[in-house]
>>> print(open('start.cif').read())   # mmCIF, C-alpha atoms
data_start
loop_
_atom_site.label_atom_id
_atom_site.label_comp_id
_atom_site.auth_asym_id
_atom_site.auth_seq_id
_atom_site.Cartn_x
_atom_site.Cartn_y
_atom_site.Cartn_z
CA MET A 1 15.34 -16.46 3.91
CA GLY A 2 16.05 -13.22 1.98
CA SER A 3 14.27 -9.90 2.24
CA VAL A 4 10.98 -8.49 0.95
CA ASN A 5 9.56 -5.01 0.43
CA VAL A 6 8.06 -3.52 3.59
CA ASN A 7 5.02 -2.60 1.49
CA ARG A 8 4.54 -5.85 -0.40
CA SER A 9 1.97 -4.28 -2.70
CA VAL A 10 4.96 -2.49 -4.30
CA SER A 11 6.61 -4.86 -6.78
CA ASP A 12 9.60 -2.61 -7.56
CA ALA A 13 12.80 -4.63 -7.05
CA PHE A 14 14.68 -1.41 -6.20
CA TYR A 15 12.19 -0.31 -3.51
CA ARG A 16 14.36 1.15 -0.75
CA TYR A 17 12.39 -0.11 2.26
CA LYS A 18 13.22 -3.76 2.88
CA MET A 19 12.67 -6.18 5.75
CA PRO A 20 13.63 -9.81 6.43
CA ARG A 21 11.06 -12.52 5.82
CA ILE A 22 9.48 -13.85 8.99
CA MET A 23 11.11 -17.03 10.29
CA ALA A 24 8.81 -19.13 12.46
CA LYS A 25 9.71 -22.21 14.51
CA VAL A 26 7.03 -24.47 16.02
CA GLU A 27 7.92 -25.93 19.41
CA GLY A 28 6.18 -28.35 21.76
CA LYS A 29 3.12 -30.48 21.08
CA GLY A 30 -0.45 -30.91 22.21
CA ASN A 31 -1.81 -28.08 24.34
CA GLY A 32 1.70 -26.73 24.86
CA ILE A 33 2.45 -26.16 21.17
CA LYS A 34 3.71 -22.67 20.34
CA THR A 35 5.31 -20.73 17.49
CA VAL A 36 8.53 -18.82 18.11
CA ILE A 37 9.17 -15.91 15.72
CA VAL A 38 12.94 -16.27 15.50
CA ASN A 39 13.81 -12.96 13.86
CA MET A 40 11.05 -10.71 15.19
CA THR A 41 13.56 -8.20 16.55
CA ASP A 42 15.14 -7.71 13.09
CA VAL A 43 11.73 -7.47 11.40
CA ALA A 44 10.49 -4.93 13.94
CA LYS A 45 13.65 -2.86 13.55
CA SER A 46 13.11 -2.73 9.76
CA ILE A 47 9.59 -1.33 10.15
CA GLY A 48 10.46 0.99 13.06
CA ARG A 49 8.17 -0.54 15.67
CA PRO A 50 8.82 -2.39 18.96
CA PRO A 51 8.80 -6.19 18.43
CA THR A 52 5.98 -6.52 20.94
CA TYR A 53 3.55 -4.65 18.66
CA PRO A 54 3.48 -7.05 15.67
CA THR A 55 3.65 -10.06 18.03
CA LYS A 56 0.65 -8.79 19.98
CA TYR A 57 -1.10 -8.03 16.68
CA PHE A 58 -0.65 -11.67 15.66
CA GLY A 59 -2.20 -12.71 18.95
CA CYS A 60 -5.21 -10.45 18.39
CA GLU A 61 -5.76 -11.68 14.83
CA LEU A 62 -5.27 -15.36 15.66
CA GLY A 63 -7.06 -15.36 19.03
CA ALA A 64 -3.91 -16.65 20.72
CA GLN A 65 -1.91 -15.63 23.78
CA THR A 66 1.55 -14.14 23.26
CA GLN A 67 4.70 -14.30 25.35
CA PHE A 68 7.78 -12.08 25.32
CA ASP A 69 11.14 -13.32 26.58
CA PHE A 70 13.36 -10.24 26.27
CA LYS A 71 16.35 -11.89 27.92
CA ASN A 72 16.55 -14.60 25.24
CA ASP A 73 15.05 -12.46 22.46
CA ARG A 74 12.10 -14.82 21.97
CA PHE A 75 8.66 -13.67 20.83
CA ILE A 76 6.06 -16.40 21.02
CA VAL A 77 2.51 -16.91 19.76
CA ASN A 78 0.65 -19.87 21.23
CA GLY A 79 -0.43 -22.50 18.72
CA SER A 80 1.07 -23.76 15.47
CA HIS A 81 1.28 -21.10 12.76
CA GLU A 82 3.08 -21.15 9.42
CA ALA A 83 5.57 -18.42 8.53
CA ALA A 84 3.60 -17.57 5.35
CA LYS A 85 0.44 -16.96 7.36
CA LEU A 86 2.28 -14.72 9.82
CA GLN A 87 3.86 -12.83 6.90
CA ASP A 88 0.38 -12.12 5.50
CA LEU A 89 -0.80 -10.93 8.91
CA LEU A 90 2.28 -8.70 9.14
CA ASP A 91 1.16 -7.01 5.91
CA GLY A 92 -2.04 -6.06 7.70
CA PHE A 93 -0.10 -4.67 10.66
CA ILE A 94 2.15 -2.63 8.36
CA ARG A 95 -0.83 -1.27 6.44
CA LYS A 96 -2.61 -0.23 9.66
CA PHE A 97 0.23 0.90 11.93
CA VAL A 98 3.29 1.66 9.76
CA LEU A 99 2.48 3.04 6.29
CA CYS A 100 1.74 6.74 5.98
CA PRO A 101 -1.84 7.48 4.83
CA GLY A 102 -0.50 10.37 2.78
CA CYS A 103 2.49 8.99 0.84
CA ASP A 104 2.40 5.22 1.59
CA ASN A 105 5.98 5.31 2.90
CA PRO A 106 6.91 3.50 6.14
CA GLU A 107 8.89 6.45 7.57
CA THR A 108 6.35 7.07 10.32
CA ASP A 109 6.39 7.37 14.11
CA LEU A 110 3.56 6.64 16.51
CA ILE A 111 2.86 9.49 18.93
CA VAL A 112 0.98 8.20 21.96
CA SER A 113 -0.81 10.41 24.49
CA THR A 114 -1.73 8.24 27.47
CA LYS A 115 -3.56 11.12 29.18
CA LYS A 116 -5.80 11.89 26.21
CA GLY A 117 -5.96 8.25 25.13
CA THR A 118 -5.00 9.07 21.53
CA ILE A 119 -2.55 7.63 19.01
CA SER A 120 -1.25 9.85 16.22
CA GLN A 121 0.97 9.15 13.25
CA GLY A 122 3.73 11.44 11.99
CA CYS A 123 5.53 10.91 8.68
CA LYS A 124 9.12 12.05 8.21
CA ALA A 125 8.86 11.66 4.43
CA CYS A 126 5.89 13.89 3.55
CA GLY A 127 5.21 15.69 6.84
CA PHE A 128 1.79 14.09 7.38
CA HIS A 129 0.44 14.24 10.93
CA GLY A 130 -2.92 12.92 12.03
CA PRO A 131 -4.74 10.40 14.22
CA LEU A 132 -4.37 6.68 13.58
CA GLU A 133 -7.10 5.76 11.10
CA PHE A 134 -7.69 2.17 12.18
CA ASN A 135 -9.52 1.17 15.35
CA HIS A 136 -8.00 -2.15 16.38
CA LYS A 137 -7.70 -4.11 19.61
CA LEU A 138 -3.96 -3.44 19.46
CA ASN A 139 -4.67 0.28 20.04
CA THR A 140 -5.41 -0.41 23.71
CA TYR A 141 -2.13 -2.24 24.08
CA ILE A 142 -0.19 0.59 22.40
CA LEU A 143 -1.76 3.15 24.74
CA LYS A 144 -0.55 1.16 27.75
CA ASN A 145 2.85 0.47 26.18
CA PRO A 146 3.96 3.53 24.16
CA PRO A 147 6.87 3.12 21.72
CA ASN A 148 9.28 5.25 23.77
CA LEU A 149 8.98 2.90 26.76
CA ASN A 150 11.83 0.56 27.60
CA PRO A 151 11.25 -2.46 25.29
CA ALA A 152 11.99 -4.90 28.12
CA ALA A 153 9.21 -3.28 30.11
CA GLN A 154 6.52 -3.67 27.48
CA GLY A 155 3.51 -5.90 27.64
CA ALA A 156 4.14 -8.86 29.84
CA SER A 157 1.79 -11.61 28.72
CA LEU A 158 -0.54 -13.43 31.08
CA THR A 159 1.94 -16.22 31.68
CA GLU A 160 4.81 -13.80 32.10
CA GLY A 161 2.85 -11.64 34.51
CA LYS A 162 2.00 -14.58 36.77
CA ARG A 163 5.58 -15.81 36.70
CA ALA A 164 6.82 -12.36 37.71
CA LYS A 165 4.39 -12.25 40.62
CA ARG A 166 5.49 -15.66 41.86
CA SER A 167 9.12 -14.60 41.65
CA SER A 168 8.31 -11.39 43.52
CA LYS A 169 6.65 -13.39 46.28
CA ARG A 170 9.61 -15.74 46.57
CA VAL A 171 11.99 -12.80 46.92
CA ASN A 172 9.88 -10.42 49.01
CA GLY A 173 7.82 -12.87 51.06
CA GLU A 174 4.07 -13.48 50.99
CA ASN A 175 3.26 -10.06 52.50
CA GLY A 176 5.33 -8.21 49.95
CA GLU A 177 8.03 -7.20 52.44
CA PRO A 178 11.63 -7.86 51.45
CA ARG A 179 13.21 -10.84 53.12
CA SER A 180 16.41 -9.99 54.88
CA GLY A 181 19.33 -11.74 53.34
CA SER A 182 17.33 -13.22 50.49
CA PRO A 183 19.64 -13.46 47.50
CA LYS A 184 18.29 -12.47 44.07
CA SER A 185 19.33 -14.52 41.10
CA GLU A 186 19.88 -12.82 37.74
CA GLU A 187 16.87 -14.62 36.31
CA GLU A 188 14.56 -13.38 39.07
CA GLY A 189 15.93 -9.88 38.64
CA GLU A 190 15.02 -9.93 34.94
CA LEU A 191 11.47 -10.94 35.75
CA ILE A 192 10.99 -8.30 38.41
CA THR A 193 12.60 -5.40 36.55
CA PRO A 194 9.91 -5.07 33.86
CA GLU A 195 7.22 -4.87 36.53
CA LYS A 196 9.09 -2.06 38.28
CA ALA A 197 9.87 -0.21 35.07
CA VAL A 198 6.29 -0.21 33.78
CA HIS A 199 4.69 1.07 37.01
CA LYS A 200 1.50 -0.75 36.12
CA ASP A 201 -1.72 0.42 37.68
CA GLU A 202 -3.93 -1.94 39.62
CA ASP A 203 -6.42 -2.33 36.77
CA GLU A 204 -3.80 -3.79 34.44
CA THR A 205 -2.36 -6.04 37.14
CA ASP A 206 -5.72 -7.39 38.19
CA TRP A 207 -6.77 -8.06 34.59
CA ALA A 208 -4.73 -11.26 34.50
CA VAL A 209 -6.68 -12.76 37.40
CA ASP A 210 -10.10 -11.23 36.72
CA VAL A 211 -12.56 -14.14 36.62
CA SER A 212 -15.78 -12.12 36.69
CA GLU A 213 -18.51 -13.08 34.26
CA GLU A 214 -18.00 -9.91 32.22
CA ALA A 215 -14.23 -10.42 31.92
CA VAL A 216 -14.66 -14.08 30.92
CA ARG A 217 -17.24 -13.12 28.30
CA ALA A 218 -14.90 -10.44 26.89
CA ARG A 219 -12.03 -12.92 26.60
CA LEU A 220 -14.29 -15.45 24.87
CA GLN A 221 -15.33 -12.74 22.41
CA ASP A 222 -11.67 -11.99 21.68
CA LEU A 223 -11.06 -15.67 20.98
CA THR A 224 -14.09 -15.78 18.68
CA ASP A 225 -12.92 -12.72 16.73
CA GLY A 226 -9.45 -14.23 16.42
CA ALA A 227 -10.86 -17.51 15.18
CA LYS A 228 -12.66 -15.63 12.41
CA GLY A 229 -9.28 -14.45 11.17
CA LEU A 230 -8.21 -18.05 10.64
CA THR A 231 -10.73 -18.42 7.82
CA ILE A 232 -8.98 -15.71 5.79
CA THR A 233 -6.29 -18.08 4.60
CA ASP A 234 -8.94 -20.51 3.29
CA ASP A 235 -10.19 -17.94 0.76
CA LEU A 236 -7.37 -18.71 -1.66
CA GLU A 237 -8.59 -22.30 -1.89
CA LYS A 238 -11.90 -21.10 -3.32
CA THR A 239 -12.65 -20.77 -7.04
CA GLU A 240 -11.94 -17.50 -8.82
CA LYS A 241 -15.68 -16.77 -9.09
CA GLU A 242 -16.10 -17.21 -5.32
CA ARG A 243 -13.14 -14.90 -4.68
CA MET A 244 -14.62 -12.33 -7.06
CA ASP A 245 -17.88 -12.56 -5.10
CA LEU A 246 -15.98 -11.94 -1.86
CA PHE A 247 -14.41 -8.82 -3.37
CA TYR A 248 -17.82 -7.73 -4.68
CA ASN A 249 -19.23 -7.92 -1.14
CA SER A 250 -16.28 -5.92 0.23
CA VAL A 251 -16.78 -3.11 -2.30
CA LYS A 252 -20.57 -3.10 -1.87
CA GLN A 253 -20.28 -2.92 1.90
CA ARG A 254 -18.05 0.15 1.69
CA LYS A 255 -20.21 1.71 -1.00
CA ASP A 256 -23.34 1.35 1.13
CA ALA A 257 -21.45 2.93 4.05
CA GLY A 258 -20.39 5.88 1.84
CA LEU A 259 -16.65 5.18 2.31
CA LEU A 260 -15.51 4.72 -1.29
CA GLU A 261 -14.20 8.28 -1.68
CA GLN A 262 -11.83 7.99 1.29
CA PRO A 263 -8.14 7.35 0.38
CA ALA A 264 -7.82 4.69 3.06
CA THR A 265 -10.70 2.73 1.51
CA ALA A 266 -8.93 2.59 -1.86
CA LYS A 267 -5.84 1.15 -0.19
CA GLU A 268 -7.93 -1.41 1.70
CA LEU A 269 -9.69 -2.57 -1.47
CA VAL A 270 -6.41 -2.91 -3.38
CA ALA A 271 -4.98 -4.95 -0.50
CA GLU A 272 -8.11 -7.13 -0.42
CA ALA A 273 -7.93 -7.73 -4.19
CA GLU A 274 -4.25 -8.66 -3.91
CA ARG A 275 -4.98 -11.00 -1.00
CA LEU A 276 -7.65 -12.75 -3.05
CA GLU A 277 -5.30 -12.73 -6.09
CA ILE A 278 -7.85 -11.07 -8.39
CA LYS A 279 -6.40 -7.55 -8.66
CA ALA A 280 -6.32 -7.52 -12.48
CA LYS A 281 -9.97 -8.58 -12.76
CA ALA A 282 -11.17 -6.33 -9.95
CA PRO A 283 -12.10 -3.46 -12.35
CA LEU A 284 -14.91 -5.68 -13.67
CA VAL A 285 -16.47 -5.63 -10.20
CA LEU A 286 -15.79 -1.90 -9.80
CA ALA A 287 -17.49 -1.10 -13.11
CA GLU A 288 -20.56 -3.13 -12.09
CA LEU A 289 -20.90 -1.41 -8.70
CA LEU A 290 -19.72 2.13 -9.50
CA PHE A 291 -21.24 2.87 -12.92
CA THR A 292 -24.85 3.55 -13.91
CA ASP A 293 -26.42 5.62 -16.68
CA LYS A 294 -24.63 8.62 -15.07
CA ILE A 295 -21.25 7.08 -15.81
CA LEU A 296 -19.56 10.35 -16.82
CA MET A 297 -20.07 11.87 -13.37
CA GLU A 298 -19.16 8.58 -11.67
CA ILE A 299 -15.83 8.31 -13.51
CA LYS A 300 -14.79 11.72 -12.16
CA LYS A 301 -16.04 10.86 -8.67
CA ASN A 302 -14.15 7.54 -8.46
CA ARG A 303 -11.02 8.46 -10.43
CA VAL A 304 -8.61 7.86 -7.53
CA LEU A 305 -10.05 4.42 -6.78
CA LEU A 306 -9.92 3.39 -10.45
CA LEU A 307 -6.32 4.61 -10.80
CA ARG A 308 -5.31 2.43 -7.83
CA PHE A 309 -6.23 -0.62 -9.91
CA THR A 310 -5.41 0.41 -13.50
CA HIS A 311 -2.24 2.53 -13.23
CA ASP A 312 0.55 0.85 -15.23
CA ASP A 313 -1.55 -2.35 -15.45
CA MET A 314 -2.66 -2.96 -19.03
CA LYS A 315 -4.46 -6.17 -18.13
CA ALA A 316 -6.59 -4.37 -15.53
CA GLN A 317 -7.38 -1.63 -18.07
CA LYS A 318 -8.66 -4.23 -20.54
CA TYR A 319 -10.94 -5.70 -17.89
CA LEU A 320 -12.20 -2.20 -17.09
CA ILE A 321 -13.09 -1.67 -20.76
CA GLY A 322 -15.00 -4.96 -20.61
CA GLY A 323 -16.89 -3.71 -17.57
CA VAL A 324 -17.69 -0.43 -19.32
CA GLU A 325 -19.04 -2.35 -22.31
CA GLN A 326 -21.36 -4.27 -19.97
CA VAL A 327 -22.61 -1.04 -18.38
CA ILE A 328 -23.26 0.47 -21.83
CA GLY A 329 -25.23 -2.68 -22.68
CA LEU A 330 -27.38 -2.30 -19.54
CA HIS A 331 -28.20 1.35 -20.37
CA LYS A 332 -27.94 1.08 -24.13
CA ASP A 333 -30.41 3.82 -25.07
CA VAL A 334 -28.67 6.43 -22.90
CA LEU A 335 -25.02 5.41 -23.03
CA LEU A 336 -24.45 3.98 -26.51
CA PRO A 337 -24.49 7.44 -28.17
CA LYS A 338 -22.08 8.66 -25.47
CA SER A 339 -19.52 5.89 -26.10
CA PRO A 340 -16.84 8.20 -27.60
CA ILE A 341 -17.24 10.67 -24.71
CA ILE A 342 -16.96 7.89 -22.13
CA PHE A 343 -13.74 6.47 -23.58
CA LYS A 344 -12.25 9.95 -24.09
CA MET A 345 -12.88 10.78 -20.44
CA LEU A 346 -11.25 7.55 -19.30
CA TYR A 347 -8.28 8.42 -21.54
CA ASP A 348 -8.05 12.08 -20.45
CA MET A 349 -8.07 11.07 -16.78
CA ASP A 350 -5.17 8.61 -17.35
CA ILE A 351 -7.33 5.66 -16.34
CA LEU A 352 -6.84 4.10 -19.79
CA GLU A 353 -3.63 4.28 -21.79
CA GLU A 354 -3.53 5.08 -25.49
CA LYS A 355 -2.03 1.73 -26.41
CA VAL A 356 -4.80 -0.21 -24.64
CA VAL A 357 -7.59 1.85 -26.24
CA LEU A 358 -6.17 1.47 -29.75
CA GLU A 359 -5.67 -2.25 -29.24
CA TRP A 360 -9.30 -2.57 -28.11
CA GLY A 361 -10.48 -0.48 -31.06
CA GLY A 362 -8.71 -2.77 -33.53
CA LYS A 363 -10.67 -5.88 -32.59
CA VAL A 364 -14.36 -6.60 -31.89
CA SER A 365 -14.75 -9.17 -29.12
CA LYS A 366 -17.74 -11.05 -27.68
CA LYS A 367 -16.00 -11.74 -24.34
CA TYR A 368 -18.13 -9.39 -22.23
CA VAL A 369 -21.12 -8.52 -24.46
CA THR A 370 -22.60 -9.92 -27.65
CA LYS A 371 -20.59 -9.42 -30.80
CA GLU A 372 -23.35 -7.28 -32.29
CA LEU A 373 -23.38 -4.92 -29.30
CA SER A 374 -19.58 -4.80 -29.23
CA GLN A 375 -19.59 -3.81 -32.93
CA GLU A 376 -22.13 -1.05 -32.20
CA ILE A 377 -19.96 0.32 -29.38
CA HIS A 378 -16.92 0.28 -31.65
CA ASN A 379 -18.83 2.07 -34.39
CA LYS A 380 -20.02 4.77 -32.00
CA ALA A 381 -16.51 5.15 -30.52
CA GLU A 382 -14.93 5.41 -33.97
CA PRO A 383 -14.66 9.24 -33.92
CA PHE A 384 -12.61 9.09 -30.73
CA LEU A 385 -10.47 6.21 -32.05
CA THR A 386 -9.82 8.14 -35.27
CA TRP A 387 -8.92 11.28 -33.32
CA LEU A 388 -6.55 9.25 -31.15
CA LYS A 389 -4.81 7.71 -34.18
CA GLU A 390 -4.47 11.08 -35.91
CA ALA A 391 -3.18 12.71 -32.75
CA GLU A 392 -0.56 9.99 -32.46
CA GLU A 393 0.48 10.40 -36.10
CA GLU A 394 0.64 14.19 -35.78
CA GLU A 395 2.73 13.89 -32.66
CA GLU A 396 5.16 11.56 -34.40
CA SER A 397 5.39 13.81 -37.48
CA SER A 398 5.81 16.94 -35.35
CA GLU A 399 8.63 15.28 -33.50
CA GLU A 400 10.31 14.46 -36.81
CA ASP A 401 9.79 18.05 -38.05
CA GLU A 402 11.26 19.44 -34.87
CA ASP A 403 14.29 17.25 -35.30
CA ASP A 404 14.70 18.49 -38.90
CA LEU A 405 14.27 22.11 -37.87
CA GLU A 406 16.90 21.78 -35.23
CA ILE A 407 19.38 20.45 -37.79
CA GLU A 408 18.65 23.29 -40.25
CA TYR A 409 18.89 25.88 -37.51
CA ASP A 410 22.23 24.54 -36.39
CA ASP A 411 23.54 24.70 -39.97
CA ARG A 412 22.47 28.31 -40.37
CA ALA A 413 23.89 29.26 -36.99
CA LYS A 414 27.22 27.90 -38.03
CA ALA A 415 27.08 29.34 -41.56
CA THR A 416 26.23 32.95 -40.61
CA PRO A 417 29.35 33.78 -38.61
CA LEU A 418 31.49 32.07 -41.26
CA LYS A 419 30.14 34.40 -43.97
CA GLU A 420 30.75 37.49 -41.86
CA THR A 421 34.27 36.34 -41.14
CA LYS A 422 34.88 35.83 -44.83
CA VAL A 423 33.79 39.41 -45.60
CA VAL A 424 36.22 40.76 -43.04
CA VAL A 425 38.99 38.56 -44.27
CA GLU A 426 38.34 39.60 -47.87
CA LYS A 427 38.53 43.30 -47.00
CA LYS A 428 41.77 42.97 -45.10
CA PRO A 429 44.01 41.75 -47.88
CA GLN A 430 42.74 44.38 -50.38
CA PRO A 431 45.34 47.12 -49.50
CA ALA A 432 48.90 46.73 -50.65
CA ASP A 433 51.44 45.25 -48.28
CA ASP A 434 52.42 48.46 -46.53
CA ASP A 435 51.82 50.31 -43.29
CA ASN A 436 48.09 50.79 -44.09
CA GLU A 437 47.43 47.15 -43.21
CA VAL A 438 48.64 47.87 -39.68
CA ASP A 439 46.21 50.83 -39.46
CA VAL A 440 43.26 48.63 -40.44
CA ASP A 441 44.09 46.14 -37.71
CA ILE A 442 44.22 48.91 -35.10
CA ASP A 443 40.82 50.25 -36.13
CA ALA A 444 39.36 46.77 -35.96
CA ILE A 445 40.60 46.43 -32.44
#
>>> encode(input="start.cif", output="structure tokens")
Amino acid sequence: MGSVNVNRSVSDAFYRYKMPRIMAKVEGKGNGIKTVIVNMTDVAKSIGRPPTYPTKYFGCELGAQTQFDFKNDRFIVNGSHEAAKLQDLLDGFIRKFVLCPGCDNPETDLIVSTKKGTISQGCKACGFHGPLEFNHKLNTYILKNPPNLNPAAQGASLTEGKRAKRSSKRVNGENGEPRSGSPKSEEEGELITPEKAVHKDEDETDWAVDVSEEAVRARLQDLTDGAKGLTITDDLEKTEKERMDLFYNSVKQRKDAGLLEQPATAKELVAEAERLEIKAKAPLVLAELLFTDKILMEIKKNRVLLLRFTHDDMKAQKYLIGGVEQVIGLHKDVLLPKSPIIFKMLYDMDILEEKVVLEWGGKVSKKYVTKELSQEIHNKAEPFLTWLKEAEEEEESSEEDEDDLEIEYDDRAKATPLKETKVVVEKKPQPADDDNEVDVDIDAI
């Protein structure tokens, strides 16, 4: 199946953190259908997490029960699920529970404090240490099953828990007292050992059989939330305009909540744009929502978010210019005279590259605004475009001059000692061939 980057938003072929692609096998039929993740152990090892964590995460997102068979190395999610869908869900798990919020590297460890009920993240690459940023249903599971626990003792599913109890009753008798002379098979021993190793409290044990109205309602809510996740994969079947509208709503929701300046929000929006396959066009939406007649202040305020979308992406930068043109059109009286300042700020802050700006300046387009308005913006931005061209020409000429100067300097450096040597050599042969020549050599020494 090959391998993929742990952080699939990184397209670098030489990215050092790799993991195998998820291999899923559907077994059974009808109500008993289930999906076995064949290589979950290898995938989990690549991302430095116990295999139970991503499997349980799939169950939370899909509203499905999970089963762990440690003896046969089988990790199961109930229902029929395609490998591609599970791979997309794994990206969400990696983004929430593996990647470092500081440097985006997956060299992190989860530090669980069961007493305090907290989960922290420590990065071995950049030294980051802080609480887990995402509040997910999986957090509760991690608190009960910390990473340093014996993997075979982690998270028995509902089915597994009931099977272990039945086996315990068969071995120990109905009253829980050991039967004298009752032999234990290896299979029964495997089922009982996790229960002993975990030392589960009564609350966790009773959860599997809790049929109270509150517990039933909570489980139904979990199933409802998981079912909502199933609609995510249908988004790619929508038109590009509908997907752009979905992204618009995501950005607006975070803007209204005042979350746009947080680094985690920028990562979430980039991931959402990539999921909807509209990352290059996303700057159009950002320009519409972020910029007003106070665009100069707003560029500084949202620089990090804009860089997430435009860095090393010329296509995204062109769409951002189109969005800026639209904003200038909406506030023409205020912003049209400031056009050169706006584009210079975008250039100075590395949001736009020189090549993209000059290419835009060389052609008037009616793609985003009317041709007349586009021509006006170009005319107003002409001083900046001229400055940019002259700066480029001066830089090229200065580089040529520096090269020439270096050559001349090298020639002089070599010529100077040669002339001095010649003077010495000319003075030496002047005396006649006698003992005086020897005296001159001694003085020179």
>>> atom_distance(input="start.cif", atom1="CA of Lys85 (chain A)", atom2="CA of Glu268 (chain A)")
18.5 Å
>>> resolve_selection(input="start.cif", expression="the PyMOL selection byres ((chain A and resi 384) around 9)", output="PDB file with C-alpha atoms, in the coordinates of the input")
ATOM      1  CA  SER A 339     -19.520   5.890 -26.100  1.00  0.00           C
ATOM      2  CA  PRO A 340     -16.840   8.200 -27.600  1.00  0.00           C
ATOM      3  CA  ILE A 341     -17.240  10.670 -24.710  1.00  0.00           C
ATOM      4  CA  PHE A 343     -13.740   6.470 -23.580  1.00  0.00           C
ATOM      5  CA  LYS A 344     -12.250   9.950 -24.090  1.00  0.00           C
ATOM      6  CA  LYS A 380     -20.020   4.770 -32.000  1.00  0.00           C
ATOM      7  CA  ALA A 381     -16.510   5.150 -30.520  1.00  0.00           C
ATOM      8  CA  GLU A 382     -14.930   5.410 -33.970  1.00  0.00           C
ATOM      9  CA  PRO A 383     -14.660   9.240 -33.920  1.00  0.00           C
ATOM     10  CA  LEU A 385     -10.470   6.210 -32.050  1.00  0.00           C
ATOM     11  CA  THR A 386      -9.820   8.140 -35.270  1.00  0.00           C
ATOM     12  CA  TRP A 387      -8.920  11.280 -33.320  1.00  0.00           C
ATOM     13  CA  LEU A 388      -6.550   9.250 -31.150  1.00  0.00           C
ATOM     14  CA  LYS A 389      -4.810   7.710 -34.180  1.00  0.00           C
TER      15      LYS A 389
END
>>> atom_distance(input="start.cif", atom1="CA of Leu306 (chain A)", atom2="CA of Ala13 (chain A)")
24.3 Å
>>> residues_around(input="start.cif", residues="Lys137 (chain A)", least_positions_apart="6", cutoff="10 Å", atoms="only C-alpha atoms", output="list of chain:residue names")
A:Lys56, A:Tyr57, A:Cys60, A:Glu61, A:Asp222
>>> residues_around(input="start.cif", residues="region 307-324 of chain A", least_positions_apart="6", cutoff="8 Å", atoms="all atoms listed in the file", output="ChimeraX atom specification")
/A:266-267,270,279-285,287-288,350-353,356,360,367-368
>>> closest_residue(input="start.cif", among="A:Pro101, A:Pro20, A:Gly63, A:Gly79", to="Val36 (chain A)", atoms="all atoms listed in the file")
A:Gly79
>>> residues_around(input="start.cif", residues="Gly130 (chain A)", least_positions_apart="3", cutoff="7 Å", atoms="all atoms listed in the file", output="list of chain:residue names")
A:Ser120, A:Gln121, A:Gly122
>>> atom_distance(input="start.cif", atom1="CA of Leu290 (chain A)", atom2="CA of Tyr248 (chain A)")
11.1 Å
>>> closest_residue(input="start.cif", among="A:Lys363, A:Lys144, A:Lys241, A:Arg74", to="Ile278 (chain A)", atoms="all atoms listed in the file")
A:Lys241
>>> residues_near_point(input="start.cif", point="(-13.1, -15.7, -2.5)", cutoff="12 Å", atoms="all atoms listed in the file", output="list in words")
Thr231, Ile232, Thr233, Asp234, Asp235, Leu236, Glu237, Lys238, Thr239, Glu240, Lys241, Glu242, Arg243, Met244, Asp245, Leu246, Phe247, Tyr248, Asn249, Ser250, Glu272, Ala273, Glu274, Arg275, Leu276, Glu277 and Ile278 of chain A
>>> closest_residue(input="start.cif", among="A:Ala391, A:Ile33, A:Met345, A:Ile47", to="Met19 (chain A)", atoms="all atoms listed in the file")
A:Ile47
>>> resolve_selection(input="start.cif", expression="the PyMOL selection byres ((chain A and resi 3) around 10)", output="PyMOL selection string")
chain A and resi 1-2+4-6+17-22+43
>>> closest_residue(input="start.cif", among="A:Ser46, A:Ser80, A:Asn72, A:Ser11", to="Lys25 (chain A)", atoms="all atoms listed in the file")
A:Ser80
>>> resolve_selection(input="start.cif", expression="the PyMOL selection byres ((chain A and resi 40) around 10)", output="PyMOL selection string")
chain A and resi 20-24+36-39+41-46+50-52+54-55+73-76
>>> closest_residue(input="start.cif", among="A:Gln326, A:Ile342, A:Tyr53, A:Lys115", to="Phe68 (chain A)", atoms="all atoms listed in the file")
A:Tyr53
>>> residues_around(input="start.cif", residues="Val369 (chain A)", least_positions_apart="3", cutoff="9 Å", atoms="all atoms listed in the file", output="VMD selection string")
chain A and resid 322 325 to 326 329 365 to 366 372 to 374
>>> closest_residue(input="start.cif", among="A:Pro337, A:Pro146, A:Gly102, A:Gly361", to="Gly117 (chain A)", atoms="all atoms listed in the file")
A:Pro146
>>> residues_around(input="start.cif", residues="Thr292 (chain A)", least_positions_apart="5", cutoff="8 Å", atoms="all atoms listed in the file", output="list in words")
Glu298, Val327 and His331 of chain A
